[in-house]
Each structure stands twice: as C-alpha cells, then as structure tokens.
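Peer 1: I am sharing protein_35.tsv, which consists of TSV, C-alpha atoms:
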chain	number	residue	atom	x	y	z
A	1	MET	CA	0.00	0.00	0.00
A	2	ASP	CA	1.49	3.36	-1.02
A	3	GLU	CA	1.71	6.26	1.45
A	4	ARG	CA	-1.31	8.09	0.08
A	5	ALA	CA	-3.52	5.00	0.29
A	6	ARG	CA	-2.18	4.22	3.76
A	7	ARG	CA	-3.15	7.66	5.06
A	8	TRP	CA	-6.63	7.45	3.54
A	9	ARG	CA	-7.11	3.98	5.04
A	10	LEU	CA	-6.24	5.28	8.52
A	11	VAL	CA	-8.55	8.27	8.11
A	12	LEU	CA	-11.53	6.34	6.73
A	13	GLY	CA	-11.21	3.26	8.95
A	14	GLY	CA	-12.29	-0.29	8.29
A	15	ALA	CA	-15.08	0.75	5.90
A	16	ALA	CA	-12.41	1.57	3.30
A	17	GLU	CA	-10.64	-1.80	3.55
A	18	GLY	CA	-12.11	-3.20	0.32
A	19	ALA	CA	-11.74	0.01	-1.68
A	20	LEU	CA	-7.98	0.29	-1.19
A	21	ASP	CA	-5.37	-2.17	-2.32
A	22	GLY	CA	-3.64	-4.11	0.43
A	23	GLY	CA	-4.09	-3.99	4.20
A	24	LEU	CA	-2.37	-2.39	7.14
A	25	GLU	CA	0.50	-4.15	8.87
A	26	GLY	CA	2.61	-3.81	11.99
A	27	ALA	CA	2.35	-0.48	13.82
A	28	ASP	CA	-0.20	0.78	11.30
A	29	ALA	CA	-2.51	-2.09	12.16
A	30	GLY	CA	-2.15	-1.33	15.87
A	31	MET	CA	-2.82	2.36	15.26
A	32	ASP	CA	-5.92	1.48	13.20
A	33	ALA	CA	-7.24	-0.81	15.95
A	34	ALA	CA	-6.79	1.92	18.57
A	35	LEU	CA	-8.69	4.42	16.42
A	36	ALA	CA	-11.43	1.91	15.61
A	37	ALA	CA	-12.00	1.10	19.28
A	38	LEU	CA	-12.92	4.73	19.90
A	39	TYR	CA	-14.42	6.05	16.70
A	40	GLU	CA	-16.01	3.12	14.79
A	41	ARG	CA	-19.41	1.68	15.59
A	42	GLY	CA	-19.41	-1.90	16.68
A	43	ALA	CA	-15.84	-1.80	17.95
A	44	GLY	CA	-15.75	-0.02	21.29
A	45	LEU	CA	-13.72	-0.48	24.43
A	46	GLY	CA	-16.43	-1.92	26.63
A	47	ALA	CA	-16.38	-1.41	30.36
A	48	SER	CA	-13.37	-3.59	31.13
A	49	ALA	CA	-10.69	-1.69	33.05
A	50	PRO	CA	-7.83	-3.96	31.85
A	51	ARG	CA	-8.92	-3.55	28.24
A	52	VAL	CA	-9.20	0.23	28.56
A	53	ALA	CA	-5.82	0.38	30.31
A	54	ARG	CA	-4.24	-1.56	27.43
A	55	TRP	CA	-5.89	0.80	24.95
A	56	LEU	CA	-4.49	3.81	26.82
A	57	GLY	CA	-1.05	2.25	26.61
A	58	ASP	CA	-1.49	1.63	22.88
A	59	ILE	CA	-2.44	5.19	22.01
A	60	ARG	CA	0.52	6.52	24.00
A	61	GLU	CA	2.73	4.26	21.90
A	62	TYR	CA	1.28	5.23	18.52
A	63	PHE	CA	0.42	8.93	18.88
A	64	PRO	CA	2.06	12.12	20.22
A	65	SER	CA	0.90	13.37	23.64
A	66	THR	CA	-1.25	16.17	22.20
A	67	VAL	CA	-3.24	13.62	20.18
A	68	VAL	CA	-3.39	11.24	23.15
A	69	GLN	CA	-5.01	13.94	25.27
A	70	VAL	CA	-7.69	14.56	22.63
A	71	MET	CA	-8.42	10.84	22.31
A	72	GLN	CA	-8.64	10.42	26.09
A	73	LYS	CA	-11.11	13.29	26.30
A	74	ASP	CA	-13.18	11.79	23.48
A	75	ALA	CA	-13.13	8.36	25.15
A	76	ILE	CA	-14.36	9.77	28.47
A	77	GLU	CA	-17.19	11.68	26.76
A	78	ARG	CA	-18.20	9.22	24.01
A	79	LEU	CA	-17.78	5.91	25.84
A	80	ASN	CA	-18.70	7.05	29.36
A	81	LEU	CA	-15.45	5.89	30.95
A	82	THR	CA	-15.74	8.24	33.93
A	83	ARG	CA	-16.42	5.39	36.36
A	84	LEU	CA	-13.24	3.60	35.35
A	85	LEU	CA	-11.15	6.65	36.28
A	86	LEU	CA	-11.89	5.83	39.90
A	87	GLU	CA	-9.60	2.79	39.64
A	88	PRO	CA	-5.88	3.37	40.42
A	89	GLU	CA	-4.62	1.22	37.53
A	90	MET	CA	-6.54	3.43	35.12
A	91	LEU	CA	-5.09	6.61	36.57
A	92	ASP	CA	-1.60	5.18	36.23
A	93	ALA	CA	-2.21	4.55	32.52
A	94	VAL	CA	-3.62	7.91	31.41
A	95	GLU	CA	-1.75	10.90	29.97
A	96	PRO	CA	-2.32	13.75	32.48
A	97	ASP	CA	-3.74	17.03	31.15
A	98	VAL	CA	-6.02	19.88	32.23
A	99	HIS	CA	-9.20	18.18	31.01
A	100	LEU	CA	-8.37	14.99	32.91
A	101	VAL	CA	-7.74	17.04	36.06
A	102	GLY	CA	-11.15	18.67	35.62
A	103	THR	CA	-12.78	15.24	35.33
A	104	LEU	CA	-11.00	13.96	38.43
A	105	LEU	CA	-12.03	17.03	40.42
A	106	SER	CA	-15.66	16.44	39.45
A	107	LEU	CA	-15.31	12.90	40.87
A	108	ASN	CA	-13.58	14.07	44.04
A	109	ARG	CA	-16.53	13.47	46.36
A	110	VAL	CA	-17.20	9.92	45.13
A	111	MET	CA	-13.60	8.79	44.68
A	112	PRO	CA	-12.65	5.73	46.76
A	113	GLU	CA	-9.69	6.11	49.08
A	114	LYS	CA	-7.53	3.68	47.08
A	115	ALA	CA	-7.80	5.93	44.01
A	116	ARG	CA	-7.34	9.24	45.83
A	117	GLU	CA	-3.54	9.12	46.05
A	118	SER	CA	-3.24	8.20	42.38
A	119	ALA	CA	-5.57	11.07	41.51
A	120	ARG	CA	-3.52	13.49	43.59
A	121	ALA	CA	-0.36	12.37	41.81
A	122	VAL	CA	-2.00	13.05	38.43
A	123	VAL	CA	-3.20	16.49	39.54
A	124	ARG	CA	0.16	17.40	41.09
A	125	ARG	CA	1.99	16.47	37.89
A	126	VAL	CA	-0.26	18.66	35.75
A	127	VAL	CA	-0.10	21.56	38.23
A	128	SER	CA	3.71	21.37	38.37
A	129	GLU	CA	3.92	21.50	34.57
A	130	LEU	CA	1.55	24.48	34.42
A	131	GLU	CA	3.46	26.36	37.14
A	132	ALA	CA	6.75	25.78	35.32
A	133	LYS	CA	5.21	27.12	32.12
A	134	LEU	CA	3.27	30.09	33.49
A	135	ALA	CA	4.77	31.28	36.79
A	136	ARG	CA	7.86	33.10	35.52
A	137	ARG	CA	5.97	35.07	32.85
A	138	THR	CA	3.23	35.98	35.29
A	139	ARG	CA	5.63	37.26	37.96
A	140	ALA	CA	7.65	39.21	35.39
A	141	ALA	CA	4.56	40.84	33.83
A	142	VAL	CA	2.98	41.75	37.17
A	143	THR	CA	6.22	43.03	38.72
A	144	GLY	CA	6.98	45.15	35.67
A	145	ALA	CA	3.47	46.62	35.67
A	146	LEU	CA	3.66	47.47	39.37
A	147	ASP	CA	7.00	49.21	38.85
A	148	ARG	CA	5.68	51.17	35.87
A	149	SER	CA	2.50	52.17	37.69
A	150	ALA	CA	4.51	53.66	40.57
A	151	ARG	CA	5.49	56.93	38.81
A	152	THR	CA	8.01	59.44	40.06
A	153	HIS	CA	8.89	62.94	38.86
A	154	ARG	CA	12.48	62.58	40.06
A	155	PRO	CA	13.94	59.54	38.31
A	156	ARG	CA	17.46	58.92	39.55
A	157	ARG	CA	18.78	57.19	36.43
A	158	ALA	CA	18.21	57.56	32.70
A	159	ALA	CA	17.00	53.94	32.69
A	160	ASP	CA	14.18	54.96	35.06
A	161	ILE	CA	12.77	57.61	32.70
A	162	ASP	CA	9.47	56.73	31.02
A	163	TRP	CA	10.16	58.51	27.74
A	164	ASN	CA	6.67	58.06	26.26
A	165	ARG	CA	4.98	59.71	29.24
A	166	THR	CA	7.71	62.33	29.52
A	167	ILE	CA	7.24	63.42	25.90
A	168	ARG	CA	3.46	63.56	26.27
A	169	ALA	CA	3.82	65.64	29.45
A	170	ASN	CA	6.09	68.15	27.67
A	171	LEU	CA	4.44	68.56	24.27
A	172	LYS	CA	3.72	72.19	25.13
A	173	ASN	CA	7.48	72.73	25.15
A	174	TYR	CA	7.90	71.70	21.51
A	175	LEU	CA	10.37	73.92	19.59
A	176	PRO	CA	9.51	73.80	15.86
A	177	GLU	CA	12.72	75.50	14.78
A	178	ARG	CA	14.73	72.74	16.45
A	179	ASN	CA	12.16	69.98	15.82
A	180	THR	CA	12.46	68.81	19.40
A	181	VAL	CA	10.71	68.78	22.78
A	182	VAL	CA	12.39	70.40	25.77
A	183	PRO	CA	11.53	68.25	28.83
A	184	SER	CA	10.93	70.60	31.74
A	185	ARG	CA	9.35	67.76	33.71
A	186	LEU	CA	10.49	64.15	33.78
A	187	VAL	CA	8.20	61.19	34.39
A	188	GLY	CA	9.96	58.07	35.64
A	189	TYR	CA	9.28	54.58	36.88
A	190	GLY	CA	9.09	54.30	40.63
A	191	ARG	CA	11.39	51.98	42.54
A	192	ARG	CA	9.98	48.66	43.61
A	193	GLN	CA	8.12	48.75	46.91
A	194	GLN	CA	7.96	45.96	49.45
A	195	THR	CA	4.48	46.83	50.72
A	196	VAL	CA	1.22	45.50	49.27
A	197	GLN	CA	0.40	47.65	46.25
A	198	ARG	CA	-2.68	45.85	44.89
A	199	GLU	CA	-5.38	43.58	46.20
A	200	VAL	CA	-6.51	40.83	43.83
A	201	VAL	CA	-9.73	38.90	44.35
A	202	LEU	CA	-10.31	35.86	42.15
A	203	CYS	CA	-13.95	34.77	42.26
A	204	VAL	CA	-14.33	31.49	40.37
A	205	ASP	CA	-17.49	29.76	39.20
A	206	GLN	CA	-17.08	26.01	39.85
A	207	SER	CA	-20.06	24.81	37.83
A	208	GLY	CA	-19.28	21.79	35.66
A	209	SER	CA	-18.76	23.78	32.43
A	210	MET	CA	-15.94	25.79	34.06
A	211	ALA	CA	-13.64	22.84	34.88
A	212	ALA	CA	-10.58	23.95	32.89
A	213	SER	CA	-11.00	27.54	34.12
A	214	VAL	CA	-11.03	26.32	37.74
A	215	VAL	CA	-7.74	24.46	37.19
A	216	TYR	CA	-5.97	27.45	35.63
A	217	ALA	CA	-7.43	29.87	38.19
A	218	GLY	CA	-6.06	27.71	41.00
A	219	VAL	CA	-2.57	27.73	39.49
A	220	PHE	CA	-2.57	31.47	38.77
A	221	GLY	CA	-4.00	32.20	42.21
A	222	ALA	CA	-1.08	30.36	43.82
A	223	VAL	CA	1.43	32.26	41.66
A	224	LEU	CA	-0.09	35.65	42.50
A	225	ALA	CA	-0.30	34.77	46.20
A	226	SER	CA	3.46	34.15	46.22
A	227	MET	CA	4.12	37.83	45.36
A	228	ARG	CA	4.51	40.11	48.37
A	229	SER	CA	3.34	43.18	46.46
A	230	LEU	CA	-0.10	41.60	46.01
A	231	ARG	CA	-2.70	40.46	48.51
A	232	THR	CA	-4.54	37.68	46.71
A	233	SER	CA	-7.81	36.05	47.70
A	234	LEU	CA	-9.41	33.05	45.99
A	235	VAL	CA	-13.12	32.35	46.33
A	236	VAL	CA	-14.97	29.54	44.54
A	237	PHE	CA	-18.72	29.19	44.35
A	238	ASP	CA	-21.73	27.28	43.06
A	239	THR	CA	-24.84	27.87	45.15
A	240	ALA	CA	-22.52	28.04	48.18
A	241	VAL	CA	-19.35	30.11	48.63
A	242	VAL	CA	-15.97	28.70	49.75
A	243	ASP	CA	-12.92	30.84	50.56
A	244	LEU	CA	-9.74	28.93	49.62
A	245	THR	CA	-7.29	31.77	50.29
A	246	ASP	CA	-5.62	29.94	53.18
A	247	GLN	CA	-4.73	27.05	50.84
A	248	LEU	CA	-3.10	29.12	48.08
A	249	HIS	CA	0.36	27.98	49.18
A	250	ASP	CA	-0.50	24.59	47.62
A	251	PRO	CA	-2.52	24.71	44.38
A	252	VAL	CA	-3.21	20.97	44.57
A	253	GLU	CA	-4.98	21.49	47.90
A	254	VAL	CA	-6.85	24.40	46.32
A	255	LEU	CA	-8.10	22.23	43.46
A	256	PHE	CA	-9.18	19.40	45.76
A	257	GLY	CA	-11.01	22.02	47.80
A	258	THR	CA	-13.28	22.75	44.84
A	259	GLN	CA	-16.44	20.84	44.02
A	260	LEU	CA	-17.22	20.96	40.31
A	261	GLY	CA	-20.87	20.78	39.33
A	262	GLY	CA	-24.06	22.06	40.87
A	263	GLY	CA	-25.87	25.35	40.46
A	264	THR	CA	-24.65	28.93	40.29
A	265	ASP	CA	-25.31	31.89	42.58
A	266	ILE	CA	-23.07	34.71	41.42
A	267	ASN	CA	-24.86	37.27	43.56
A	268	ARG	CA	-24.07	35.38	46.77
A	269	ALA	CA	-20.40	35.09	45.76
A	270	LEU	CA	-20.23	38.83	45.02
A	271	ALA	CA	-21.73	39.64	48.41
A	272	TYR	CA	-18.98	37.64	50.11
A	273	CYS	CA	-16.20	39.13	47.97
A	274	GLN	CA	-17.34	42.68	48.68
A	275	GLY	CA	-16.49	42.00	52.30
A	276	LEU	CA	-12.91	41.10	51.34
A	277	ILE	CA	-12.21	44.43	49.62
A	278	THR	CA	-10.54	46.94	51.95
A	279	ARG	CA	-8.89	49.27	49.37
A	280	PRO	CA	-11.32	49.64	46.45
A	281	ALA	CA	-9.12	51.97	44.39
A	282	ASP	CA	-6.24	49.48	44.59
A	283	THR	CA	-8.29	46.32	44.02
A	284	ILE	CA	-8.60	44.15	40.91
A	285	PHE	CA	-11.67	41.92	41.03
A	286	LEU	CA	-11.73	39.04	38.55
A	287	LEU	CA	-14.98	37.15	38.15
A	288	ILE	CA	-14.36	33.94	36.20
A	289	SER	CA	-17.80	32.72	35.17
A	290	ASP	CA	-20.00	31.98	32.17
A	291	LEU	CA	-22.54	34.35	33.80
A	292	TYR	CA	-25.44	31.87	33.88
A	293	GLU	CA	-26.93	33.25	37.08
A	294	GLY	CA	-29.16	31.07	39.22
A	295	GLY	CA	-29.45	33.68	41.96
A	296	VAL	CA	-30.95	37.16	41.88
A	297	ARG	CA	-29.84	38.70	38.58
A	298	GLU	CA	-30.80	42.30	39.38
A	299	GLU	CA	-28.93	42.18	42.69
A	300	MET	CA	-25.89	40.64	40.97
A	301	LEU	CA	-25.76	43.50	38.45
A	302	ARG	CA	-26.27	46.07	41.22
A	303	ARG	CA	-23.31	44.69	43.18
A	304	MET	CA	-21.08	44.77	40.09
A	305	ALA	CA	-22.08	48.40	39.46
A	306	ALA	CA	-21.43	49.29	43.13
A	307	MET	CA	-17.93	47.81	43.06
A	308	THR	CA	-17.10	49.73	39.88
A	309	ALA	CA	-18.46	52.97	41.34
A	310	ALA	CA	-16.29	52.45	44.44
A	311	GLY	CA	-13.17	52.35	42.26
A	312	VAL	CA	-12.66	48.60	42.05
A	313	GLN	CA	-11.33	47.45	38.70
A	314	VAL	CA	-13.83	44.74	37.74
A	315	ILE	CA	-13.05	42.23	34.96
A	316	VAL	CA	-15.14	39.25	33.86
A	317	LEU	CA	-13.45	36.27	32.25
A	318	LEU	CA	-16.05	34.09	30.57
A	319	ALA	CA	-13.38	31.39	30.41
A	320	LEU	CA	-9.74	30.98	31.40
A	321	SER	CA	-8.81	28.05	29.19
A	322	ASP	CA	-7.14	26.92	25.99
A	323	GLU	CA	-10.46	26.55	24.18
A	324	GLY	CA	-12.09	29.11	21.93
A	325	THR	CA	-15.24	31.12	22.54
A	326	PRO	CA	-17.21	29.66	25.46
A	327	GLN	CA	-20.94	29.32	25.97
A	328	TYR	CA	-22.12	32.19	28.17
A	329	ASP	CA	-25.14	34.30	29.09
A	330	HIS	CA	-25.25	37.01	26.41
A	331	ASP	CA	-27.79	39.17	28.23
A	332	ASN	CA	-25.70	39.39	31.39
A	333	ALA	CA	-22.52	40.01	29.39
A	334	ALA	CA	-24.24	42.84	27.50
A	335	ALA	CA	-25.53	44.35	30.74
A	336	LEU	CA	-22.02	44.36	32.20
A	337	ALA	CA	-20.57	45.83	29.01
A	338	ALA	CA	-23.06	48.67	29.28
A	339	MET	CA	-21.57	49.42	32.73
A	340	GLY	CA	-18.08	49.54	31.23
A	341	ILE	CA	-17.13	46.15	32.68
A	342	PRO	CA	-15.14	44.13	30.11
A	343	ALA	CA	-16.14	40.50	29.55
A	344	PHE	CA	-14.06	38.20	27.38
A	345	ALA	CA	-12.47	34.78	27.16
A	346	CYS	CA	-8.78	34.62	28.01
A	347	THR	CA	-6.17	31.97	27.29
A	348	PRO	CA	-3.65	31.08	30.02
A	349	ASP	CA	-0.83	32.48	27.86
A	350	ALA	CA	-2.58	35.88	27.74
A	351	PHE	CA	-3.37	36.04	31.47
A	352	PRO	CA	-0.02	37.58	32.57
A	353	GLU	CA	-0.53	40.50	30.16
A	354	LEU	CA	-4.13	40.80	31.32
A	355	MET	CA	-2.91	41.31	34.88
A	356	ALA	CA	-0.27	43.81	33.74
A	357	ALA	CA	-2.92	45.78	31.81
A	358	ALA	CA	-5.24	45.73	34.83
A	359	ILE	CA	-2.54	47.04	37.17
A	360	GLU	CA	-1.70	49.88	34.77
A	361	ARG	CA	-5.38	50.43	33.91
A	362	ARG	CA	-4.63	50.03	30.23
A	363	SER	CA	-7.12	49.03	27.57
A	364	TYR	CA	-7.33	45.27	27.12
A	365	ASP	CA	-7.55	45.70	23.34
A	366	GLN	CA	-4.02	47.08	23.00
A	367	GLY	CA	-0.93	45.11	22.06
A	368	PRO	CA	-0.73	41.50	23.26
A	369	MET	CA	-4.14	41.84	24.90
A	370	ALA	CA	-5.76	41.45	21.49
A	371	SER	CA	-5.28	37.69	22.01
A	372	PRO	CA	-8.28	37.17	24.33
A	373	SER	CA	-11.50	36.80	22.39
A	374	ARG	CA	-13.45	39.97	23.23
A	375	ILE	CA	-17.08	39.17	23.87
A	376	PRO	CA	-19.54	40.61	23.03
Would you mind writing the file's structure down as structure tokens?
Peer 2:
Amino acid sequence: MDERARRWRLVLGGAAEGALDGGLEGADAGMDAALAALYERGAGLGASAPRVARWLGDIREYFPSTVVQVMQKDAIERLNLTRLLLEPEMLDAVEPDVHLVGTLLSLNRVMPEKARESARAVVRRVVSELEAKLARRTRAAVTGALDRSARTHRPRRAADIDWNRTIRANLKNYLPERNTVVPSRLVGYGRRQQTVQREVVLCVDQSGSMAASVVYAGVFGAVLASMRSLRTSLVVFDTAVVDLTDQLHDPVEVLFGTQLGGGTDINRALAYCQGLITRPADTIFLLISDLYEGGVREEMLRRMAAMTAAGVQVIVLLALSDEGTPQYDHDNAAALAAMGIPAFACTPDAFPELMAAAIERRSYDQGPMASPSRIP
C-alpha cells in the first residue's frame, strides 16, 4: 500500500478496507485498531478496566501526547469511561492534562480512598507543569506593571525615565525651529516597593462547564499569592461560597477544595467578595464565570455596578482556558458591558498580560491583549 492510500485507510477506517489495495501491517494495524475502538461503531472499548488500560497504553505508543489527550477526552465523553477513572490502575495509565484534572475534580466526592492518592499524583503532575510554564511570565509581567505604575517625577537614572509619558507631558514645550521637545518635567518609573500595592480577588465559578478555568485559576492564584506586592484572595462558588485563600500555598490542595458541578449563585459570591475588599481603588476583582446566574440577577448587576463605582477594577473572564469562545449568558454580558465592565475569554498564555494591563489600567484591546476573544 502506497503512502497516500495508507493515510486514507487510517482516516476512513475499516469501511475503506475493500476500496484500497492491500491492508495495514505492523504499527499501522495497531494504530488502526486503537482508532477503531474509539471512533467506529461496533468496535468499542467496553467497560473492562484492563482492556481500557491496554488501549491507553497503545495510544501513547502510537500517537504524540497532544493527540493522546484529545483521544482520552473523546473516550471519556463518548464511551462514558468516567467510572473507570476511579480505579488506580486506570489513573496510572492515562496521559495527564487539564481536562483529565477537571474530570478527576468532578469525581472528588465519590472517589474511593484507594484511588485518591493516584488522583492526587496526576493532579500534582499537571499543576507542576503548568506552574513551570506560566509562573515566571506571570511574575515578570505583574512586577513590571507594578514598577511602571509607581510613577516618580524625580527619576534617579536615565534607565528609570518613562520617555513616552515624559514626551506627552512636555508637548507644550515643543520647539519647531529645532524639531524637538524640551523636557521641563520628567516622568519616571518608581522603585519597587515591598508593601502591598494591589489587592486581587479571584472569584471562580465552579459549575461543571468551568472545569478547565477552575484548574488554571487555582494555578494562577497560587502564583499571584506568592508575590509580596499583592494580597490575593481566591473564592470559589456554586450555590454556596468557599474561601480557599488559606490554601493558596499549595494549588493541589486548592483544586481538591473545589467541588465541580451544581448550580450557580453569582450574587451570593459577590456579596462575600465585597467584604474582602478593603482598598477599592487598589483592588482588581476578577470574576471567572459563564454568567449563567441562578441567583438574583438584578442584585448581581447592582453589586457589580457598586464595586465599579467604588473604584474597584472589575473584569469578567467568561473562560480561562485553551479553548475558543465559550458558551455564556449574552444578556448578562451585554448588561455588564453597558456598565463599562469588560467581559471576554482569556487563554492562560494571555493572562499575565491581562494582569499587567489591569494594574496599569490600560485598555485590554491594545498590544498583546488582542489575544483574548473579546465578547460581546
């Protein structure tokens, strides 16, 4: 079988066996069997843990990890393998990723003790990889923004001069005959302070559709909490509200403190978070939610308006995940937009710049912040 026919055979599956010359052999046959077990009718994996574990081993052998993660997600959704994830041997066989962590967190309350340690190991591995990828960029972006936002009119070094702001501040001193601006007043970056400069409140919807966002919010919350210049709080909610701030030193504990699924009462969560805000003008409030409100909508909108009026910088992330545009409540998003409260989806890679823009009170549509999908 030539390469073109081989590729078409793998794409089309067993139904194309008679239409193409020759059959698949060796690794190609194993790859085809792994695909057929998931995507072809009549094949299937069944409900046998040993068989599923072997299949998980096969796909890790034949496909790159990014493809393995997609196939695992499809298997959990299409073949209803959630129950099997409660068995330790299954957890040892899977390729850990954010979606798998979300599934495990949704099973947290029904997970038998023998599977709990294996589940924690999976979650810790994913969290460690995410921290290694995201922590440095987040700290650098936030620290730089805090330094830039602390302006001084007596910069000590040329490197501390903010030339863009200095030029704007001295445009009245433009000399046309010399084609230059004479800076009578310098604007510089302030020196880094050791005191708390901003309060950050992360309020995270833990309904089932927000699983990936909960995972990323837990990791970012831990990173922000490690910075002395920020005072970070993390609150998760469904119809009840849970403050996980005391656990931010360990993001794995944070994630196992969540309870994915259930209803949504944004208004109740906002009421609690309002009590955490002590310096409104220096506070960034991030609501991570798809805005499907099960509580009192009018009261929820009133609280958001009150926080904004008090000087709190309010931002709504409809999703904090690698996926594209999420499902969300368009009416609530439009109502918030009318108040001047931005609502958009944000990828984890864009979150550090989002925080930098929030600290400097920049527009989120400028520069790298064009990467979040602005909605509506």
Peer 1: I want to know what sits within 12 Å of Ala222 of chain A, based on all atoms listed in the file, with residues of the same chain fewer than 4 positions away left out; could you give that as a PyMOL selection string?
Peer 2: chain A and resi 127-128+130-131+134-135+138-139+200+202+215-218+226-227+230-234+244-255
Peer 1: Could you give me, as a PyMOL selection string, the residues that have an atom at most 6 Å away from the point (-1.1, 1.5, 20.6) in the coordinates of the file, using all atoms listed in the file?
Peer 2: chain A and resi 30-31+58-59+61-62
Peer 1: Show which residues sit within 7 Å of segment 74-89 of chain A, as a PDB file with C-alpha atoms, in the coordinates of the input. Count all atoms listed in the file, and ignore same-chain residues fewer than 2 positions away.
Peer 2:
ATOM      1  CA  LEU A  38     -12.920   4.730  19.900  1.00  0.00           C
ATOM      2  CA  ALA A  49     -10.690  -1.690  33.050  1.00  0.00           C
ATOM      3  CA  VAL A  70      -7.690  14.560  22.630  1.00  0.00           C
ATOM      4  CA  MET A  71      -8.420  10.840  22.310  1.00  0.00           C
ATOM      5  CA  GLN A  72      -8.640  10.420  26.090  1.00  0.00           C
ATOM      6  CA  LEU A  91      -5.090   6.610  36.570  1.00  0.00           C
ATOM      7  CA  ASP A  92      -1.600   5.180  36.230  1.00  0.00           C
ATOM      8  CA  ALA A  93      -2.210   4.550  32.520  1.00  0.00           C
ATOM      9  CA  MET A 111     -13.600   8.790  44.680  1.00  0.00           C
ATOM     10  CA  PRO A 112     -12.650   5.730  46.760  1.00  0.00           C
ATOM     11  CA  LYS A 114      -7.530   3.680  47.080  1.00  0.00           C
ATOM     12  CA  ALA A 115      -7.800   5.930  44.010  1.00  0.00           C
ATOM     13  CA  SER A 118      -3.240   8.200  42.380  1.00  0.00           C
TER      14      SER A 118
END
Peer 1: Do you have the atom CA of Ile315 of chain A-atom CA of Asp290 of chain A distance handy?
Peer 2: 12.7 Å
Peer 1: How far is it from atom CA of Gln69 of chain A to atom CA of Arg6 of chain A, in Å with one decimal?
Peer 2: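 Value for the atom CA of Gln69 of chain A-atom CA of Arg6 of chain A distance: 23.8 Å.
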Peer 1: Quick one, how far is atom CA of Ser289 of chain A from atom CA of Met210 of chain A?
Peer 2: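 Between these atoms lies a distance of 7.3 Å.
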Peer 1: Considering only C-alpha atoms, tabulate each residue of segment 158-230 of chain A that lies at most 9 Å from segment 256-270 of chain A along with its nearest interatomic pair and the corresponding distance in Å to one decimal; arrange the rows by chain and ascending residue number and present them as a Markdown table.
Peer 2:
| residue | atom | partner | partner_atom | distance |
| --- | --- | --- | --- | --- |
| A:Cys203 | CA | A:Ala269 | CA | 7.3 |
| A:Val204 | CA | A:Ala269 | CA | 8.9 |
| A:Asp205 | CA | A:Thr264 | CA | 7.3 |
| A:Gln206 | CA | A:Leu260 | CA | 5.1 |
| A:Ser207 | CA | A:Gly261 | CA | 4.4 |
| A:Gly208 | CA | A:Gly261 | CA | 4.1 |
| A:Ser209 | CA | A:Gly261 | CA | 7.8 |
| A:Met210 | CA | A:Leu260 | CA | 8.0 |
| A:Ala211 | CA | A:Leu260 | CA | 6.8 |
| A:Val214 | CA | A:Thr258 | CA | 8.3 |
Peer 1: When distances are computed from all atoms listed in the file, which of A:Val187, A:Leu10, A:Val122, A:Val181 shows the smallest separation from Val101 of chain A?
Peer 2: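 Using all atoms listed in the file, the shortest distance to Val101 of chain A belongs to A:Val122.
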Peer 1: Choose the residue, out of A:Ser229, A:Asn164, A:Thr66, A:Ser106, that has the smallest atom-to-atom separation from Leu186 of chain A; count all atoms listed in the file.
Peer 2: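 Nearest candidate to Leu186 of chain A out of A:Ser229, A:Asn164, A:Thr66, A:Ser106: A:Asn164.
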Peer 1: With distances taken over only C-alpha atoms, which residue among A:Glu199, A:Asp162, A:Leu105, A:Ile277 lies nearest Arg185 of chain A?
Peer 2: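 Distance minimum relative to Arg185 of chain A lands on A:Asp162.
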Peer 1: Closest to Val236 of chain A among A:Ile288, A:Val196, A:Glu3, A:Arg302, using only C-alpha atoms?
Peer 2: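 The shortest atom-to-atom distance to Val236 of chain A comes from A:Ile288.
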Peer 1: List as a PyMOL selection string the residues having at least one atom at most 6 Å from position (-6.5, 47.8, 42.7) as given in the file, counting all atoms listed in the file.
Peer 2: chain A and resi 198-199+281-284
Peer 1: Under the rule that all atoms listed in the file are counted, which of A:Ala212, A:Glu293, A:Leu287, A:Ala33 is the nearest residue to Thr347 of chain A?
Peer 2: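 Of all the options, A:Ala212 lies closest to Thr347 of chain A.
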Peer 1: Which polymer residues have any atom within 8 Å of an atom of Leu291 of chain A, counting only C-alpha atoms, with same-chain residues fewer than 3 positions away left out, as a ChimeraX atom specification?
Peer 2: /A:266,318,328-329,332-333
Peer 1: Which one of A:Val123, A:Gly144, A:Phe237, A:Phe220 sits closest to His99 of chain A if you count only C-alpha atoms?
Peer 2: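 Checking each of A:Val123, A:Gly144, A:Phe237, A:Phe220 against His99 of chain A, counting only C-alpha atoms, the winner is A:Val123.
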